[in-house]
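Reproduced below: start-v4.cif, with mmCIF, C-alpha atoms and all ligand atoms.
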```cif
data_data
#
loop_
_atom_site.label_atom_id
_atom_site.label_comp_id
_atom_site.auth_asym_id
_atom_site.auth_seq_id
_atom_site.Cartn_x
_atom_site.Cartn_y
_atom_site.Cartn_z
CA MET A 1 -3.49 -21.72 -37.45
CA SER A 2 -0.09 -20.13 -37.64
CA LEU A 3 1.47 -19.48 -34.29
CA PRO A 4 2.51 -15.90 -33.74
CA SER A 5 6.22 -15.13 -33.99
CA VAL A 6 8.45 -12.09 -34.30
CA ARG A 7 6.85 -9.90 -36.92
CA LEU A 8 7.99 -6.80 -38.73
CA SER A 9 5.39 -4.52 -40.30
CA ILE A 10 6.65 -1.87 -42.69
CA ASP A 11 4.34 1.07 -43.18
CA LEU A 12 5.11 2.45 -46.62
CA ASP A 13 2.50 5.17 -46.21
CA ALA A 14 4.51 6.44 -43.24
CA LEU A 15 7.64 6.25 -45.42
CA ALA A 16 5.89 8.36 -48.06
CA SER A 17 4.85 10.84 -45.40
CA ASN A 18 8.45 11.14 -44.15
CA TYR A 19 9.62 11.61 -47.73
CA GLY A 20 7.21 14.56 -47.91
CA VAL A 21 8.73 16.03 -44.72
CA LEU A 22 12.21 15.76 -46.26
CA ARG A 23 10.98 17.34 -49.49
CA GLU A 24 9.67 20.28 -47.51
CA ALA A 25 12.95 20.63 -45.59
CA ALA A 26 14.90 20.37 -48.87
CA ASP A 27 12.85 23.23 -50.32
CA GLY A 28 13.43 22.45 -53.98
CA ALA A 29 16.64 20.45 -53.77
CA GLU A 30 16.29 16.88 -55.03
CA VAL A 31 15.66 14.32 -52.27
CA ALA A 32 17.67 11.21 -53.18
CA PRO A 33 16.91 8.35 -50.75
CA VAL A 34 19.71 6.27 -49.27
CA VAL A 35 18.68 2.60 -49.31
CA LYS A 36 21.95 0.91 -48.30
CA ALA A 37 21.92 -2.12 -45.97
CA ASP A 38 18.76 -3.33 -47.73
CA GLY A 39 16.88 -0.11 -47.12
CA TYR A 40 18.06 0.15 -43.48
CA GLY A 41 16.78 -3.37 -42.92
CA LEU A 42 13.29 -2.68 -44.27
CA GLY A 43 13.72 -4.00 -47.83
CA ALA A 44 15.39 -1.81 -50.46
CA GLY A 45 13.07 -3.02 -53.23
CA PRO A 46 9.67 -2.23 -51.69
CA VAL A 47 11.06 0.96 -50.14
CA ALA A 48 12.54 2.26 -53.40
CA ARG A 49 9.52 1.33 -55.50
CA ARG A 50 7.25 3.27 -53.17
CA LEU A 51 9.63 6.25 -53.10
CA TRP A 52 9.76 6.22 -56.89
CA ARG A 53 5.98 6.53 -56.85
CA GLU A 54 6.41 9.54 -54.53
CA GLY A 55 8.77 11.14 -57.04
CA ALA A 56 12.27 9.93 -56.10
CA ARG A 57 14.49 9.52 -59.17
CA SER A 58 17.98 9.04 -57.65
CA PHE A 59 19.06 6.56 -55.00
CA PHE A 60 22.22 5.73 -53.08
CA VAL A 61 23.49 2.31 -52.00
CA ALA A 62 26.76 1.31 -50.36
CA ARG A 63 27.77 -1.85 -52.19
CA LEU A 64 27.96 -2.86 -55.83
CA GLY A 65 25.75 -5.92 -55.14
CA GLU A 66 23.15 -3.69 -53.49
CA GLY A 67 23.11 -1.54 -56.62
CA GLU A 68 22.58 -4.54 -58.87
CA ALA A 69 19.76 -5.82 -56.66
CA LEU A 70 18.14 -2.39 -56.60
CA ARG A 71 18.33 -2.07 -60.38
CA ALA A 72 16.56 -5.44 -60.69
CA ALA A 73 13.96 -4.48 -58.07
CA LEU A 74 13.16 -1.19 -59.82
CA GLY A 75 12.99 -2.82 -63.25
CA PRO A 76 13.14 -1.14 -66.66
CA GLU A 77 9.95 0.80 -65.97
CA ARG A 78 11.70 2.83 -63.23
CA PRO A 79 15.00 4.04 -64.75
CA ALA A 80 16.37 5.70 -61.62
CA ALA A 81 19.92 6.98 -61.19
CA ILE A 82 21.66 4.66 -58.72
CA HIS A 83 24.87 5.81 -57.02
CA VAL A 84 27.24 3.32 -55.38
CA LEU A 85 29.06 4.86 -52.41
CA ASP A 86 31.81 2.20 -52.36
CA GLY A 87 32.78 3.64 -55.71
CA LEU A 88 34.99 2.05 -58.29
CA THR A 89 36.20 -1.00 -56.40
CA SER A 90 38.67 -3.31 -58.10
CA GLY A 91 37.16 -5.11 -61.09
CA ALA A 92 33.75 -3.52 -60.59
CA TRP A 93 33.53 -1.49 -63.79
CA PRO A 94 31.89 -4.10 -66.08
CA ARG A 95 29.24 -4.82 -63.48
CA LEU A 96 28.64 -1.13 -62.78
CA GLN A 97 28.18 -0.59 -66.50
CA ALA A 98 25.94 -3.61 -66.98
CA ALA A 99 23.54 -2.40 -64.30
CA ALA A 100 23.89 1.31 -65.22
CA LEU A 101 25.23 2.22 -61.77
CA THR A 102 27.23 5.36 -61.08
CA PRO A 103 30.29 4.88 -58.84
CA VAL A 104 31.02 7.65 -56.36
CA LEU A 105 34.83 7.70 -56.27
CA MET A 106 35.97 7.67 -52.65
CA SER A 107 39.78 7.46 -52.80
CA LEU A 108 42.75 8.62 -54.83
CA GLU A 109 43.37 5.04 -55.92
CA GLN A 110 39.86 4.84 -57.36
CA ALA A 111 40.34 8.17 -59.13
CA GLN A 112 43.48 6.81 -60.80
CA ALA A 113 41.60 3.69 -61.89
CA ALA A 114 38.86 5.90 -63.34
CA LEU A 115 41.41 7.95 -65.29
CA THR A 116 42.80 4.76 -66.79
CA LEU A 117 39.32 3.59 -67.80
CA GLY A 118 38.52 7.04 -69.17
CA LYS A 119 41.35 6.80 -71.71
CA ASN A 120 39.18 4.63 -73.95
CA ALA A 121 35.81 6.33 -73.60
CA SER A 122 34.71 8.95 -71.13
CA ILE A 123 32.88 7.63 -68.09
CA ASP A 124 30.21 9.02 -65.75
CA ILE A 125 31.18 9.25 -62.11
CA GLY A 126 30.38 10.92 -58.82
CA LEU A 127 33.17 12.29 -56.66
CA HIS A 128 33.27 12.14 -52.87
CA VAL A 129 35.45 14.81 -51.29
CA ASP A 130 36.57 14.59 -47.68
CA THR A 131 35.70 17.83 -45.90
CA GLY A 132 36.61 16.69 -42.41
CA MET A 133 34.96 13.41 -41.54
CA ASN A 134 38.10 11.43 -42.39
CA ARG A 135 36.26 8.35 -43.56
CA GLN A 136 36.03 8.55 -47.32
CA GLY A 137 36.66 10.95 -50.15
CA LEU A 138 39.48 12.69 -51.94
CA SER A 139 41.33 15.66 -50.53
CA HIS A 140 40.69 19.07 -52.07
CA GLU A 141 44.06 18.89 -53.85
CA ASP A 142 43.50 15.43 -55.30
CA ALA A 143 40.02 16.44 -56.46
CA ALA A 144 41.47 19.57 -58.08
CA ALA A 145 43.78 17.36 -60.16
CA LEU A 146 40.69 15.75 -61.72
CA THR A 147 39.29 18.91 -63.27
CA HIS A 148 39.50 19.25 -67.07
CA ARG A 149 40.05 15.55 -67.59
CA PRO A 150 38.04 14.73 -70.72
CA GLY A 151 37.82 11.04 -69.75
CA LEU A 152 35.82 11.80 -66.61
CA ARG A 153 32.32 13.23 -66.62
CA VAL A 154 31.77 14.31 -63.00
CA GLY A 155 28.00 14.54 -62.64
CA LEU A 156 27.91 14.73 -58.85
CA ILE A 157 30.28 16.24 -56.31
CA MET A 158 29.48 15.30 -52.75
CA SER A 159 30.69 15.14 -49.17
CA HIS A 160 29.30 13.94 -45.85
CA LEU A 161 28.85 15.79 -42.55
CA GLY A 162 30.19 14.23 -39.36
CA SER A 163 28.30 16.26 -36.75
CA ALA A 164 25.08 17.41 -38.38
CA ALA A 165 22.90 15.92 -35.62
CA ASP A 166 24.14 18.82 -33.48
CA PRO A 167 23.24 22.03 -35.33
CA ASP A 168 25.48 24.09 -33.02
CA ASP A 169 28.64 22.10 -33.68
CA PRO A 170 31.19 24.37 -35.43
CA ARG A 171 32.37 21.38 -37.45
CA ASN A 172 29.27 21.80 -39.64
CA ARG A 173 30.27 25.27 -40.80
CA ALA A 174 33.89 24.21 -41.29
CA GLN A 175 32.81 21.31 -43.53
CA LEU A 176 30.39 23.57 -45.41
CA ASP A 177 33.17 26.08 -46.13
CA ARG A 178 35.49 23.39 -47.45
CA PHE A 179 32.74 21.90 -49.57
CA THR A 180 31.79 25.26 -51.02
CA ALA A 181 35.42 25.79 -52.07
CA VAL A 182 35.83 22.40 -53.74
CA ARG A 183 32.54 22.40 -55.58
CA ARG A 184 33.61 25.59 -57.38
CA LEU A 185 36.15 23.43 -59.19
CA PHE A 186 33.33 21.40 -60.77
CA PRO A 187 30.73 23.96 -61.83
CA GLN A 188 29.02 21.52 -64.20
CA ALA A 189 28.41 18.92 -61.46
CA ARG A 190 25.45 18.79 -59.12
CA ALA A 191 26.44 19.19 -55.47
CA SER A 192 25.27 17.27 -52.38
CA LEU A 193 26.43 17.65 -48.78
CA ALA A 194 23.49 16.81 -46.50
CA ALA A 195 22.12 13.48 -45.28
CA SER A 196 19.04 13.41 -42.98
CA ALA A 197 20.43 15.66 -40.27
CA GLY A 198 22.05 18.09 -42.71
CA ALA A 199 18.81 18.51 -44.64
CA PHE A 200 17.41 20.28 -41.57
CA LEU A 201 20.39 22.62 -41.10
CA GLY A 202 19.00 25.28 -43.39
CA PRO A 203 19.42 26.53 -46.95
CA ASP A 204 23.23 26.77 -46.96
CA TYR A 205 23.51 23.00 -46.59
CA ARG A 206 21.05 21.87 -49.26
CA PHE A 207 22.84 22.50 -52.57
CA GLU A 208 21.16 20.61 -55.44
CA MET A 209 20.56 17.31 -53.70
CA VAL A 210 20.09 15.94 -50.18
CA ARG A 211 20.65 12.26 -49.34
CA PRO A 212 18.50 11.22 -46.40
CA GLY A 213 18.45 7.73 -45.01
CA VAL A 214 17.42 7.38 -41.40
CA SER A 215 14.78 10.14 -41.31
CA LEU A 216 12.89 8.53 -44.18
CA TYR A 217 12.57 5.50 -41.91
CA GLY A 218 11.44 7.58 -38.93
CA GLY A 219 14.71 8.42 -37.14
CA GLY A 220 14.88 11.98 -35.87
CA PRO A 221 17.54 14.21 -37.46
CA GLN A 222 18.87 15.09 -34.02
CA GLU A 223 18.92 11.51 -32.73
CA ARG A 224 15.78 11.97 -30.67
CA PRO A 225 12.12 11.44 -31.57
CA ASP A 226 10.83 14.05 -33.99
CA ALA A 227 7.06 14.54 -34.09
CA ARG A 228 7.12 15.41 -37.80
CA LEU A 229 8.30 11.90 -38.72
CA ARG A 230 6.23 8.72 -38.54
CA ALA A 231 7.38 5.26 -37.48
CA VAL A 232 7.91 3.07 -40.55
CA ALA A 233 9.06 -0.13 -38.83
CA ARG A 234 6.89 -1.87 -36.27
CA LEU A 235 8.50 -4.84 -34.53
CA GLU A 236 6.30 -7.07 -32.41
CA ALA A 237 6.62 -10.43 -30.72
CA PRO A 238 4.30 -12.66 -28.70
CA VAL A 239 4.36 -13.35 -24.97
CA LEU A 240 5.21 -17.02 -24.29
CA ASP A 241 4.70 -17.14 -20.54
CA ILE A 242 4.13 -15.12 -17.40
CA ARG A 243 6.38 -15.86 -14.43
CA GLN A 244 6.48 -14.74 -10.84
CA VAL A 245 9.95 -14.09 -9.46
CA ARG A 246 10.62 -13.80 -5.74
CA ALA A 247 12.64 -10.95 -4.26
CA GLY A 248 16.31 -11.95 -4.05
CA GLU A 249 16.19 -14.33 -7.04
CA LEU A 250 18.54 -13.97 -10.02
CA ILE A 251 17.03 -13.58 -13.48
CA GLY A 252 18.71 -15.04 -16.56
CA TYR A 253 22.41 -15.71 -17.09
CA GLY A 254 25.06 -14.67 -14.61
CA SER A 255 24.59 -12.57 -11.54
CA GLY A 256 23.77 -9.21 -13.13
CA VAL A 257 20.01 -9.08 -12.67
CA LEU A 258 18.65 -9.56 -9.19
CA ALA A 259 14.96 -9.11 -8.36
CA ALA A 260 14.91 -6.35 -5.74
CA GLN A 261 11.29 -7.17 -4.95
CA ASP A 262 8.75 -9.73 -6.07
CA MET A 263 8.29 -9.33 -9.82
CA ARG A 264 5.92 -10.46 -12.51
CA LEU A 265 7.72 -11.04 -15.81
CA ALA A 266 6.39 -11.58 -19.31
CA ILE A 267 8.71 -13.89 -21.26
CA VAL A 268 8.61 -12.84 -24.91
CA ALA A 269 9.60 -14.85 -28.02
CA ALA A 270 12.22 -12.38 -29.29
CA GLY A 271 15.89 -11.89 -28.59
CA TYR A 272 19.09 -10.56 -30.02
CA ALA A 273 18.84 -13.07 -32.88
CA ASP A 274 15.70 -11.14 -33.86
CA GLY A 275 17.30 -7.72 -33.88
CA ILE A 276 16.73 -6.65 -30.26
CA ILE A 277 20.01 -5.14 -29.07
CA ARG A 278 21.15 -6.92 -25.89
CA ALA A 279 22.72 -3.78 -24.46
CA ALA A 280 19.21 -2.28 -24.15
CA ARG A 281 18.45 -4.50 -21.14
CA GLY A 282 17.59 -2.49 -18.05
CA LYS A 283 16.99 0.67 -20.08
CA GLY A 284 14.92 -0.12 -23.16
CA TYR A 285 11.27 -1.03 -23.02
CA ALA A 286 8.44 -2.80 -24.75
CA TRP A 287 4.95 -1.42 -25.16
CA ALA A 288 2.40 -3.81 -23.65
CA ALA A 289 -1.13 -3.30 -22.31
CA GLY A 290 -0.97 0.41 -23.03
CA ALA A 291 2.26 1.29 -21.21
CA ARG A 292 6.03 1.05 -21.33
CA ARG A 293 7.41 -2.11 -19.69
CA ARG A 294 11.09 -2.25 -18.84
CA LEU A 295 13.33 -4.80 -20.59
CA VAL A 296 14.86 -6.93 -17.84
CA ILE A 297 17.00 -9.40 -19.81
CA VAL A 298 17.65 -10.09 -23.49
CA THR A 299 18.92 -13.53 -24.54
CA MET A 300 19.25 -15.04 -27.99
CA ASN A 301 15.63 -15.97 -28.63
CA MET A 302 13.84 -14.81 -25.50
CA LEU A 303 13.63 -11.76 -23.35
CA ALA A 304 11.80 -10.70 -20.22
CA ILE A 305 9.86 -7.54 -19.53
CA ASP A 306 8.56 -6.38 -16.19
CA VAL A 307 4.76 -6.25 -16.51
CA ALA A 308 3.95 -5.80 -12.80
CA ASP A 309 0.20 -6.34 -12.41
CA ALA A 310 -0.78 -5.42 -15.98
CA ALA A 311 -3.28 -7.60 -17.82
CA VAL A 312 -0.74 -9.26 -20.13
CA GLY A 313 -0.94 -12.97 -20.95
CA PRO A 314 0.52 -15.62 -23.28
CA GLY A 315 -0.13 -15.00 -26.97
CA GLU A 316 -0.37 -11.26 -26.62
CA MET A 317 1.81 -9.24 -28.99
CA VAL A 318 4.10 -6.63 -27.49
CA GLU A 319 5.81 -3.84 -29.44
CA PHE A 320 9.56 -3.20 -29.45
CA LEU A 321 9.67 -0.61 -32.22
CA GLY A 322 6.83 1.38 -33.69
CA PRO A 323 4.48 4.23 -32.95
CA ASN A 324 4.57 3.47 -29.19
CA ALA A 325 8.13 2.20 -28.76
CA LEU A 326 10.09 4.99 -30.37
CA LEU A 327 13.09 4.20 -32.52
CA ASP A 328 15.33 6.95 -31.16
CA ASP A 329 14.45 6.14 -27.54
CA GLN A 330 15.23 2.46 -28.06
CA ALA A 331 18.48 3.27 -29.84
CA HIS A 332 19.51 5.57 -27.00
CA ALA A 333 18.68 2.88 -24.42
CA ALA A 334 20.95 0.48 -26.31
CA GLY A 335 23.79 3.02 -26.41
CA SER A 336 23.41 3.14 -30.17
CA VAL A 337 21.82 5.08 -33.01
CA ALA A 338 18.57 4.58 -34.91
CA HIS A 339 20.57 3.48 -37.97
CA GLU A 340 21.88 0.40 -36.12
CA CYS A 341 18.49 -0.49 -34.60
CA LEU A 342 16.98 -0.45 -38.08
CA THR A 343 19.70 -2.43 -39.84
CA ARG A 344 19.39 -5.16 -37.16
CA LEU A 345 15.89 -5.77 -38.53
CA GLN A 346 17.48 -7.57 -41.48
CA ALA A 347 17.32 -10.56 -39.12
CA VAL A 348 13.51 -10.65 -39.08
CA ALA A 349 12.11 -12.96 -41.76
CA GLU A 350 8.40 -12.52 -41.15
CA ARG A 351 7.41 -9.17 -42.57
CA ARG A 352 4.46 -7.54 -44.15
CA TYR A 353 4.23 -4.34 -46.11
CA LEU A 354 1.41 -1.84 -45.77
CA GLY A 355 0.87 0.34 -48.84
CA ALA A 356 3.19 -1.59 -51.19
CA ASP A 357 3.38 -0.66 -54.85
C1 LIG B 401 24.54 6.61 -44.88
C2 LIG B 401 24.84 7.84 -45.66
C3 LIG B 401 23.84 8.81 -45.87
C4 LIG B 401 22.51 8.75 -45.16
O1 LIG B 401 22.70 9.10 -43.82
P1 LIG B 401 21.49 9.23 -42.78
O2 LIG B 401 22.11 9.70 -41.52
O3 LIG B 401 20.92 7.86 -42.61
O4 LIG B 401 20.51 10.17 -43.36
C5 LIG B 401 24.13 9.84 -46.74
N1 LIG B 401 25.34 9.95 -47.33
C6 LIG B 401 26.33 9.06 -47.12
C7 LIG B 401 27.64 9.25 -47.78
C8 LIG B 401 26.12 7.99 -46.26
O5 LIG B 401 27.11 7.12 -46.03
#
```

Take the structure in this file and express it as structure tokens.
Ligand SMILES: *Cc1c(COP(=O)(O)O)cnc(C)c1O
Amino acid sequence: MSLPSVRLSIDLDALASNYGVLREAADGAEVAPVVKADGYGLGAGPVARRLWREGARSFFVARLGEGEALRAALGPERPAAIHVLDGLTSGAWPRLQAAALTPVLMSLEQAQAALTLGKNASIDIGLHVDTGMNRQGLSHEDAAALTHRPGLRVGLIMSHLGSAADPDDPRNRAQLDRFTAVRRLFPQARASLAASAGAFLGPDYRFEMVRPGVSLYGGGPQERPDARLRAVARLEAPVLDIRQVRAGELIGYGSGVLAAQDMRLAIVAAGYADGIIRAARGKGYAWAAGARRRLVIVTMNMLAIDVADAAVGPGEMVEFLGPNALLDDQAHAAGSVAHECLTRLQAVAERRYLGAD
């Protein structure tokens, strides 16, 4: 009999359902899934294969190595377009070509490297333009200098919104206006501005393609739970022990957690080495015996939840993420975002897929 341990279940039917929600929001624009960081911790291969079955034909990754792994995972029978957001990093061109990956140029230096390569034979690229996030992309002026260069075939012009989770933030409109101006320089290219949050900002933001990541995996576009989206990741771990703690006793390391009254704790076999963010202690929760139970401490491989007089005993599985322990709530409790909670799940080795292709 295998002893229970930390377990991640990935519900690909829920992923497919979320893809349908994004398709509806995109209203005809292509929905190109972002599967960087190994599919936000859930496995880029199984995620992308299922999304291909749902109709996805273009994907985005961050790193060159992620693109190569995704190409292998999709195989020759799924010839998707794969865009690499790190772009044309030094020495990457032969590998990009070998795996049929499209670099999205993200700096002036990369654009110059592309122009040099394009002297021999014209090359296919995407172009990231900075419209106000100040993280990646060429300026409007530097992008303008790349028009009418026969060596470069710009198939995609894109930018990224910095404040789309707040629909009322004026930065959205300012970025949209800048993007609209720069895309006019590349009329032959397809245009993409919106990620998950932007896809819900309305028709002006959709262009020809939207690039959702987090909402495919169940994260709300406004960083709070969204009833239209289903939980894809379910993280569970077993109770190891039940302990009584007297009022006035300290719990765990240091002097931070003092039992204000007598407490009954469930000690669970999961910790920050298993993707539970330590900063969630005191605010996050686990779902056990049909209710939310407050996280008291989080250590490397163990944590404690306050189960009061609930019927919880050793061996029982409790949920830290899933349909009852909501991703956006847990992220908020940890002072973080759903994206980080998900990518932490790369630490969990035991996983099973529901609805795999
Ligand atoms: C990560 C990323 C996305 C996806 O963002 P989500 O908020 O997860 O939807 C889209 N575009 C770019 C450029 C990104 O870096």

Contact check, chain A to ligand LIG 401 (chain B), at most 8 Å, counting only C-alpha atoms and all ligand atoms, closest pairs as a tab-separated table:
```
residue	atom	partner	partner_atom	distance
A:Pro33	CA	B:LIG401	C4	7.9
A:Val34	CA	B:LIG401	C4	5.6
A:Lys36	CA	B:LIG401	C1	7.1
A:Phe60	CA	B:LIG401	N1	7.8
A:Ala62	CA	B:LIG401	O5	7.3
A:Leu85	CA	B:LIG401	C7	6.5
A:Ser159	CA	B:LIG401	C7	6.8
A:His160	CA	B:LIG401	C7	5.3
A:Leu193	CA	B:LIG401	N1	7.9
A:Ala194	CA	B:LIG401	C5	7.0
A:Ala195	CA	B:LIG401	O4	4.2
A:Ser196	CA	B:LIG401	O4	3.6
A:Ala197	CA	B:LIG401	O4	6.3
A:Arg211	CA	B:LIG401	C5	5.0
A:Pro212	CA	B:LIG401	O4	3.8
A:Gly213	CA	B:LIG401	O3	3.4
A:Val214	CA	B:LIG401	O3	3.7
A:Ser215	CA	B:LIG401	O4	6.1
A:Leu216	CA	B:LIG401	O4	7.8
A:Pro221	CA	B:LIG401	O2	7.6
A:His339	CA	B:LIG401	O3	6.4
```

Would you mind exporting C-alpha atoms of the selected residues as a PDB file, keeping the file's coordinate frame?
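Result went into selection.pdb, see below:
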```pdb
ATOM      1  CA  PRO A  33      16.910   8.350 -50.750  1.00  0.00           C
ATOM      2  CA  VAL A  34      19.710   6.270 -49.270  1.00  0.00           C
ATOM      3  CA  LYS A  36      21.950   0.910 -48.300  1.00  0.00           C
ATOM      4  CA  PHE A  60      22.220   5.730 -53.080  1.00  0.00           C
ATOM      5  CA  ALA A  62      26.760   1.310 -50.360  1.00  0.00           C
ATOM      6  CA  LEU A  85      29.060   4.860 -52.410  1.00  0.00           C
ATOM      7  CA  SER A 159      30.690  15.140 -49.170  1.00  0.00           C
ATOM      8  CA  HIS A 160      29.300  13.940 -45.850  1.00  0.00           C
ATOM      9  CA  LEU A 193      26.430  17.650 -48.780  1.00  0.00           C
ATOM     10  CA  ALA A 194      23.490  16.810 -46.500  1.00  0.00           C
ATOM     11  CA  ALA A 195      22.120  13.480 -45.280  1.00  0.00           C
ATOM     12  CA  SER A 196      19.040  13.410 -42.980  1.00  0.00           C
ATOM     13  CA  ALA A 197      20.430  15.660 -40.270  1.00  0.00           C
ATOM     14  CA  ARG A 211      20.650  12.260 -49.340  1.00  0.00           C
ATOM     15  CA  PRO A 212      18.500  11.220 -46.400  1.00  0.00           C
ATOM     16  CA  GLY A 213      18.450   7.730 -45.010  1.00  0.00           C
ATOM     17  CA  VAL A 214      17.420   7.380 -41.400  1.00  0.00           C
ATOM     18  CA  SER A 215      14.780  10.140 -41.310  1.00  0.00           C
ATOM     19  CA  LEU A 216      12.890   8.530 -44.180  1.00  0.00           C
ATOM     20  CA  PRO A 221      17.540  14.210 -37.460  1.00  0.00           C
ATOM     21  CA  HIS A 339      20.570   3.480 -37.970  1.00  0.00           C
TER      22      HIS A 339
END
```

Of the residues A:Gly322, A:Pro150, A:Gly271, A:Pro187, which is the one nearest to Asp11 in chain A, using all atoms listed in the file?
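So, comparing all the options, the nearest one is A:Gly322.
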
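Residue nearest Ala347 in chain A, chosen from A:Leu303, A:Ala273, A:Ala81, A:Ala145 and counting all atoms listed in the file: A:Ala273.
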
Let me make sure I understand: among A:Ala349, A:Pro76, A:Gly91, A:Thr102, which one has the smallest atom-to-atom distance to Ser58 in chain A if we use all atoms listed in the file?
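Looking only at the distances to Ser58 in chain A, the closest residue turns out to be A:Thr102.
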
In the coordinates of the file, take the point (15.7, -8.2, -36.3) and a cut-off of 8 Å; then, counting all atoms listed in the file, name each qualifying protein, DNA or RNA residue as a list in words.
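Result, sorted by chain then residue number: Tyr272, Ala273, Asp274, Gly275, Ile276, Thr343, Arg344, Leu345, Gln346, Ala347 and Val348 of chain A.
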
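Residues within 9 Å of Ser107 in chain A, counting all atoms listed in the file and excluding same-chain residues fewer than 3 positions away, are Gly87, Gln110, Ala111, Gln112, His128, Val129, Gln136, Gly137, Leu138 and Ser139 of chain A.
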
Counting all atoms listed in the file, the option among A:Arg171, A:Pro94, A:Phe179, A:Asp328 closest to Asp130 in chain A:
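Answer, going by the shortest atom-to-atom distance: A:Phe179.
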
Quick one, how far is CA of Met106 in chain A from CA of Ala199 in chain A?
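These two atoms are separated by 21.8 Å.
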
Atom-to-atom span, CA of Ala289 in chain A and CA of Ser5 in chain A, Å:
18.2 Å

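Close contacts of Ala247 in chain A, defined as residues with an atom at most 10 Å away when counting only C-alpha atoms, with chain neighbours fewer than 5 positions off set aside, comprise Leu258, Ala259, Ala260, Gln261, Asp262 and Met263 of chain A.
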
Can you work out the spacing between CA of Gly252 in chain A and CA of Asp306 in chain A in Å, to one decimal?
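Computing the Euclidean distance for CA of Gly252 in chain A and CA of Asp306 in chain A yields 13.3 Å.
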
Give me the residues near Glu316 in chain A as a ChimeraX atom specification, where near means some atom within 7 Å (using only C-alpha atoms) and where sequence neighbours in that chain fewer than 2 positions away do not count.
/A:238-239,312-314,318

Considering all atoms listed in the file, return as a list in words whatever protein or nucleic-acid residues lie within 9 Å of Gly118 in chain A, sequence-local ones (same chain, fewer than 5 positions apart) excluded.
Ala113, Ile123, Arg149, Pro150, Gly151 and Leu152 of chain A

Minimum-distance residue to Glu141 in chain A, chosen among A:Ala181, A:Trp93, A:Ala291, A:Asp169 (using all atoms listed in the file)
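Answer, going by the shortest atom-to-atom distance: A:Ala181.
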
Can you sort out range 239-252 of chain A so it carries N, CA and C atoms, written as a PDB file, keeping the file's coordinate frame?
```pdb
ATOM      1  N   VAL A 239       4.041 -12.873 -26.322  1.00  0.00           N
ATOM      2  CA  VAL A 239       4.360 -13.350 -24.970  1.00  0.00           C
ATOM      3  C   VAL A 239       4.228 -14.877 -24.964  1.00  0.00           C
ATOM      4  N   LEU A 240       5.247 -15.560 -24.404  1.00  0.00           N
ATOM      5  CA  LEU A 240       5.210 -17.020 -24.290  1.00  0.00           C
ATOM      6  C   LEU A 240       4.675 -17.456 -22.936  1.00  0.00           C
ATOM      7  N   ASP A 241       4.997 -16.688 -21.908  1.00  0.00           N
ATOM      8  CA  ASP A 241       4.700 -17.140 -20.540  1.00  0.00           C
ATOM      9  C   ASP A 241       4.751 -15.956 -19.588  1.00  0.00           C
ATOM     10  N   ILE A 242       4.053 -16.113 -18.478  1.00  0.00           N
ATOM     11  CA  ILE A 242       4.130 -15.120 -17.400  1.00  0.00           C
ATOM     12  C   ILE A 242       4.721 -15.826 -16.184  1.00  0.00           C
ATOM     13  N   ARG A 243       5.697 -15.214 -15.568  1.00  0.00           N
ATOM     14  CA  ARG A 243       6.380 -15.860 -14.430  1.00  0.00           C
ATOM     15  C   ARG A 243       6.476 -14.903 -13.250  1.00  0.00           C
ATOM     16  N   GLN A 244       6.275 -15.490 -12.080  1.00  0.00           N
ATOM     17  CA  GLN A 244       6.480 -14.740 -10.840  1.00  0.00           C
ATOM     18  C   GLN A 244       7.914 -14.988 -10.371  1.00  0.00           C
ATOM     19  N   VAL A 245       8.593 -13.937  -9.981  1.00  0.00           N
ATOM     20  CA  VAL A 245       9.950 -14.090  -9.460  1.00  0.00           C
ATOM     21  C   VAL A 245       9.985 -13.487  -8.054  1.00  0.00           C
ATOM     22  N   ARG A 246      10.540 -14.263  -7.126  1.00  0.00           N
ATOM     23  CA  ARG A 246      10.620 -13.800  -5.740  1.00  0.00           C
ATOM     24  C   ARG A 246      11.756 -12.802  -5.549  1.00  0.00           C
ATOM     25  N   ALA A 247      11.566 -11.875  -4.633  1.00  0.00           N
ATOM     26  CA  ALA A 247      12.640 -10.950  -4.260  1.00  0.00           C
ATOM     27  C   ALA A 247      13.890 -11.744  -3.889  1.00  0.00           C
ATOM     28  N   GLY A 248      15.046 -11.285  -4.379  1.00  0.00           N
ATOM     29  CA  GLY A 248      16.310 -11.950  -4.050  1.00  0.00           C
ATOM     30  C   GLY A 248      16.727 -12.988  -5.068  1.00  0.00           C
ATOM     31  N   GLU A 249      15.837 -13.346  -6.010  1.00  0.00           N
ATOM     32  CA  GLU A 249      16.190 -14.330  -7.040  1.00  0.00           C
ATOM     33  C   GLU A 249      16.973 -13.652  -8.173  1.00  0.00           C
ATOM     34  N   LEU A 250      17.834 -14.444  -8.824  1.00  0.00           N
ATOM     35  CA  LEU A 250      18.540 -13.970 -10.020  1.00  0.00           C
ATOM     36  C   LEU A 250      17.699 -14.265 -11.253  1.00  0.00           C
ATOM     37  N   ILE A 251      17.792 -13.399 -12.242  1.00  0.00           N
ATOM     38  CA  ILE A 251      17.030 -13.580 -13.480  1.00  0.00           C
ATOM     39  C   ILE A 251      18.011 -13.736 -14.643  1.00  0.00           C
ATOM     40  N   GLY A 252      17.883 -14.846 -15.372  1.00  0.00           N
ATOM     41  CA  GLY A 252      18.710 -15.040 -16.560  1.00  0.00           C
ATOM     42  C   GLY A 252      20.124 -15.460 -16.233  1.00  0.00           C
TER      43      GLY A 252
END
```
